[in-house]
Amino acid sequence: MSLTGNRRTAVLGGLALLLVGATIYDYTRAPDGSGKSEPAATGPARPSQAAPSQGAALAREIAELKYFIAHAAKVRARYEAIAVPYAESVATFATLYAPGEPPGEAAKKRLLELMPAGVKIGDVLVSQAAPDNRGAIWLTATLSFSSGDSAAFEKAILTLGDAANGMLWKELSAAGDAEHKNLRASGQLALLMVENAE
């Protein structure tokens, strides 16, 4: 290898060591332990500025956990203050679903559970949930049901359209068959599916 080649290798090696040293310094001098610092005024962006390392992310998580541990009593007091009002506000919702449970499947189950005895429900089609739901999703269910019991039929219509249950009728049509003594209804139901936080 020529002298020029050796010199170039030495310069590049020195530059690499300088960048490694600058990166280490950058992560160790941040006051909050997050590994972030003010960007350099001149020169190209360092690797630490381009993308945070896993070590920096871990340090941030540890700092957050330490904060919550140090303020555990305050967090507990605030939770206790809002837990009861929250539980009371959603207690009547028939449209609550467990974390990890698909909202569409939960909607079908709740509709079947709400149907009074003596009412026969047909196929239930539920619209697809939006991908970014943040714990609350509006779904639309298309369904039909029938009954020979007028009291049960009326109860089904009122229960499914009760906003306190988390549901409202968007469309509803009902008809009666006097010859067969049967009542039929079909329509679209809006359901506010709420992920249970308890």
# chains A, B, ... in the order shown; residues from 1 in each chain; ligands from 1

call {"tool": "closest_atom_pairs", "arguments": {"of": "stretch 138-174 of chain A", "to": "stretch 181-189 of chain A", "cutoff": "9 Å", "atoms": "only C-alpha atoms", "output": "CSV"}}
result
residue,atom,partner,partner_atom,distance
A:Leu139,CA,A:Leu189,CA,8.2
A:Thr140,CA,A:Leu189,CA,5.5
A:Ala141,CA,A:Leu189,CA,5.1
A:Thr142,CA,A:Gln188,CA,4.5
A:Leu143,CA,A:Ser186,CA,5.7
A:Ser144,CA,A:Ser186,CA,4.1
A:Phe145,CA,A:Ala185,CA,5.5
A:Ser146,CA,A:Arg184,CA,4.3
A:Ser147,CA,A:Leu183,CA,5.4
A:Gly148,CA,A:Asn182,CA,4.5
A:Asp149,CA,A:Asn182,CA,7.7
A:Ser150,CA,A:Leu183,CA,7.3
A:Phe153,CA,A:Leu183,CA,7.2
A:Ile157,CA,A:Ala185,CA,8.4
A:Leu160,CA,A:Leu189,CA,7.8
A:Gly161,CA,A:Leu189,CA,7.6
A:Met167,CA,A:Leu189,CA,6.7
A:Leu168,CA,A:Leu189,CA,5.8
A:Trp169,CA,A:Leu189,CA,4.6
A:Lys170,CA,A:Gln188,CA,5.4
A:Glu171,CA,A:Gly187,CA,4.9
A:Leu172,CA,A:Gly187,CA,4.3
A:Ser173,CA,A:Ser186,CA,5.5
A:Ala174,CA,A:Ala185,CA,4.2

call {"tool": "write_last_selection", "arguments": {"atoms": "N, CA, C and O atoms", "output": "mmCIF file, in the first residue's frame"}}
result
data_model
loop_
_atom_site.group_PDB
_atom_site.id
_atom_site.type_symbol
_atom_site.label_atom_id
_atom_site.label_comp_id
_atom_site.auth_asym_id
_atom_site.auth_seq_id
_atom_site.Cartn_x
_atom_site.Cartn_y
_atom_site.Cartn_z
ATOM 1 N N LEU A 139 -69.968 2.013 15.078
ATOM 2 C CA LEU A 139 -70.231 0.951 14.113
ATOM 3 C C LEU A 139 -71.688 1.044 13.669
ATOM 4 O O LEU A 139 -72.531 1.594 14.382
ATOM 5 N N THR A 140 -71.971 0.480 12.519
ATOM 6 C CA THR A 140 -73.346 0.408 12.034
ATOM 7 C C THR A 140 -73.706 -1.059 11.846
ATOM 8 O O THR A 140 -72.992 -1.790 11.158
ATOM 9 N N ALA A 141 -74.795 -1.470 12.487
ATOM 10 C CA ALA A 141 -75.264 -2.853 12.362
ATOM 11 C C ALA A 141 -76.562 -2.863 11.568
ATOM 12 O O ALA A 141 -77.477 -2.084 11.848
ATOM 13 N N THR A 142 -76.619 -3.728 10.565
ATOM 14 C CA THR A 142 -77.841 -3.937 9.788
ATOM 15 C C THR A 142 -78.436 -5.247 10.257
ATOM 16 O O THR A 142 -77.754 -6.279 10.246
ATOM 17 N N LEU A 143 -79.701 -5.207 10.697
ATOM 18 C CA LEU A 143 -80.296 -6.412 11.265
ATOM 19 C C LEU A 143 -81.796 -6.445 11.037
ATOM 20 O O LEU A 143 -82.413 -5.439 10.667
ATOM 21 N N SER A 144 -82.362 -7.613 11.272
ATOM 22 C CA SER A 144 -83.815 -7.792 11.209
ATOM 23 C C SER A 144 -84.216 -8.754 12.315
ATOM 24 O O SER A 144 -83.412 -9.587 12.742
ATOM 25 N N PHE A 145 -85.433 -8.611 12.809
ATOM 26 C CA PHE A 145 -85.942 -9.523 13.836
ATOM 27 C C PHE A 145 -87.453 -9.593 13.743
ATOM 28 O O PHE A 145 -88.112 -8.744 13.135
ATOM 29 N N SER A 146 -88.018 -10.633 14.341
ATOM 30 C CA SER A 146 -89.470 -10.838 14.299
ATOM 31 C C SER A 146 -89.929 -11.490 15.596
ATOM 32 O O SER A 146 -89.129 -12.080 16.329
ATOM 33 N N SER A 147 -91.231 -11.361 15.859
ATOM 34 C CA SER A 147 -91.779 -11.945 17.078
ATOM 35 C C SER A 147 -93.299 -12.052 16.968
ATOM 36 O O SER A 147 -93.943 -11.238 16.293
ATOM 37 N N GLY A 148 -93.829 -13.042 17.649
ATOM 38 C CA GLY A 148 -95.283 -13.177 17.760
ATOM 39 C C GLY A 148 -95.794 -12.551 19.045
ATOM 40 O O GLY A 148 -96.993 -12.530 19.301
ATOM 41 N N ASP A 149 -94.907 -12.038 19.856
ATOM 42 C CA ASP A 149 -95.237 -11.425 21.138
ATOM 43 C C ASP A 149 -95.039 -9.908 20.996
ATOM 44 O O ASP A 149 -93.923 -9.429 20.885
ATOM 45 N N SER A 150 -96.137 -9.155 21.001
ATOM 46 C CA SER A 150 -96.049 -7.710 20.764
ATOM 47 C C SER A 150 -95.274 -6.995 21.863
ATOM 48 O O SER A 150 -94.542 -6.034 21.595
ATOM 49 N N PHE A 153 -91.601 -7.678 21.271
ATOM 50 C CA PHE A 153 -91.214 -6.964 20.054
ATOM 51 C C PHE A 153 -90.975 -5.482 20.366
ATOM 52 O O PHE A 153 -89.961 -4.901 19.966
ATOM 53 N N ILE A 157 -87.326 -3.194 20.240
ATOM 54 C CA ILE A 157 -87.142 -1.935 19.526
ATOM 55 C C ILE A 157 -86.646 -0.837 20.469
ATOM 56 O O ILE A 157 -85.699 -0.104 20.160
ATOM 57 N N LEU A 160 -82.941 -1.626 21.866
ATOM 58 C CA LEU A 160 -81.888 -1.417 20.870
ATOM 59 C C LEU A 160 -81.728 0.061 20.514
ATOM 60 O O LEU A 160 -80.634 0.485 20.138
ATOM 61 N N GLY A 161 -82.784 0.843 20.645
ATOM 62 C CA GLY A 161 -82.704 2.256 20.307
ATOM 63 C C GLY A 161 -82.463 3.160 21.499
ATOM 64 O O GLY A 161 -82.594 4.379 21.395
ATOM 65 N N MET A 167 -76.578 2.851 21.905
ATOM 66 C CA MET A 167 -77.098 2.546 20.571
ATOM 67 C C MET A 167 -78.218 3.496 20.189
ATOM 68 O O MET A 167 -78.936 3.985 21.062
ATOM 69 N N LEU A 168 -78.369 3.724 18.890
ATOM 70 C CA LEU A 168 -79.463 4.542 18.354
ATOM 71 C C LEU A 168 -79.880 3.981 16.998
ATOM 72 O O LEU A 168 -79.029 3.540 16.221
ATOM 73 N N TRP A 169 -81.172 4.032 16.719
ATOM 74 C CA TRP A 169 -81.644 3.623 15.403
ATOM 75 C C TRP A 169 -81.311 4.709 14.385
ATOM 76 O O TRP A 169 -81.610 5.875 14.588
ATOM 77 N N LYS A 170 -80.682 4.312 13.275
ATOM 78 C CA LYS A 170 -80.470 5.222 12.149
ATOM 79 C C LYS A 170 -81.626 5.091 11.167
ATOM 80 O O LYS A 170 -82.083 6.076 10.601
ATOM 81 N N GLU A 171 -82.056 3.861 10.976
ATOM 82 C CA GLU A 171 -83.203 3.560 10.109
ATOM 83 C C GLU A 171 -83.972 2.432 10.762
ATOM 84 O O GLU A 171 -83.376 1.507 11.327
ATOM 85 N N LEU A 172 -85.299 2.491 10.679
ATOM 86 C CA LEU A 172 -86.118 1.418 11.257
ATOM 87 C C LEU A 172 -87.424 1.331 10.497
ATOM 88 O O LEU A 172 -88.096 2.347 10.271
ATOM 89 N N SER A 173 -87.776 0.130 10.094
ATOM 90 C CA SER A 173 -89.087 -0.102 9.487
ATOM 91 C C SER A 173 -89.706 -1.326 10.158
ATOM 92 O O SER A 173 -89.001 -2.299 10.464
ATOM 93 N N ALA A 174 -91.003 -1.250 10.410
ATOM 94 C CA ALA A 174 -91.701 -2.357 11.086
ATOM 95 C C ALA A 174 -92.996 -2.656 10.336
ATOM 96 O O ALA A 174 -93.613 -1.762 9.738
#

call {"tool": "residues_around", "arguments": {"residues": "A:Leu114", "least_positions_apart": "5", "cutoff": "10 Å", "atoms": "only C-alpha atoms", "output": "PyMOL selection string"}}
result
chain A and resi 94+109+155-156+159-160+165

call {"tool": "write_last_selection", "arguments": {"atoms": "N, CA and C atoms", "output": "compact mmCIF listing (two decimals), in the first residue's frame"}}
result
# COMPACT_ATOMS: atom_id res chain seq x y z
N ALA A 94 -74.22 -1.13 26.93
CA ALA A 94 -74.18 -2.54 26.54
C ALA A 94 -73.09 -2.75 25.50
N LYS A 109 -72.37 -9.90 19.62
CA LYS A 109 -72.69 -10.58 20.88
C LYS A 109 -73.66 -9.75 21.72
N LYS A 155 -90.30 -4.20 23.30
CA LYS A 155 -89.13 -4.10 24.18
C LYS A 155 -87.84 -4.16 23.37
N ALA A 156 -87.79 -5.02 22.37
CA ALA A 156 -86.59 -5.14 21.53
C ALA A 156 -86.29 -3.82 20.81
N THR A 159 -85.19 -1.18 23.50
CA THR A 159 -83.89 -1.49 24.10
C THR A 159 -82.76 -1.21 23.12
N LEU A 160 -82.94 -1.63 21.87
CA LEU A 160 -81.89 -1.42 20.87
C LEU A 160 -81.73 0.06 20.51
N ASN A 165 -77.86 2.69 26.32
CA ASN A 165 -77.19 1.43 26.03
C ASN A 165 -76.02 1.63 25.07
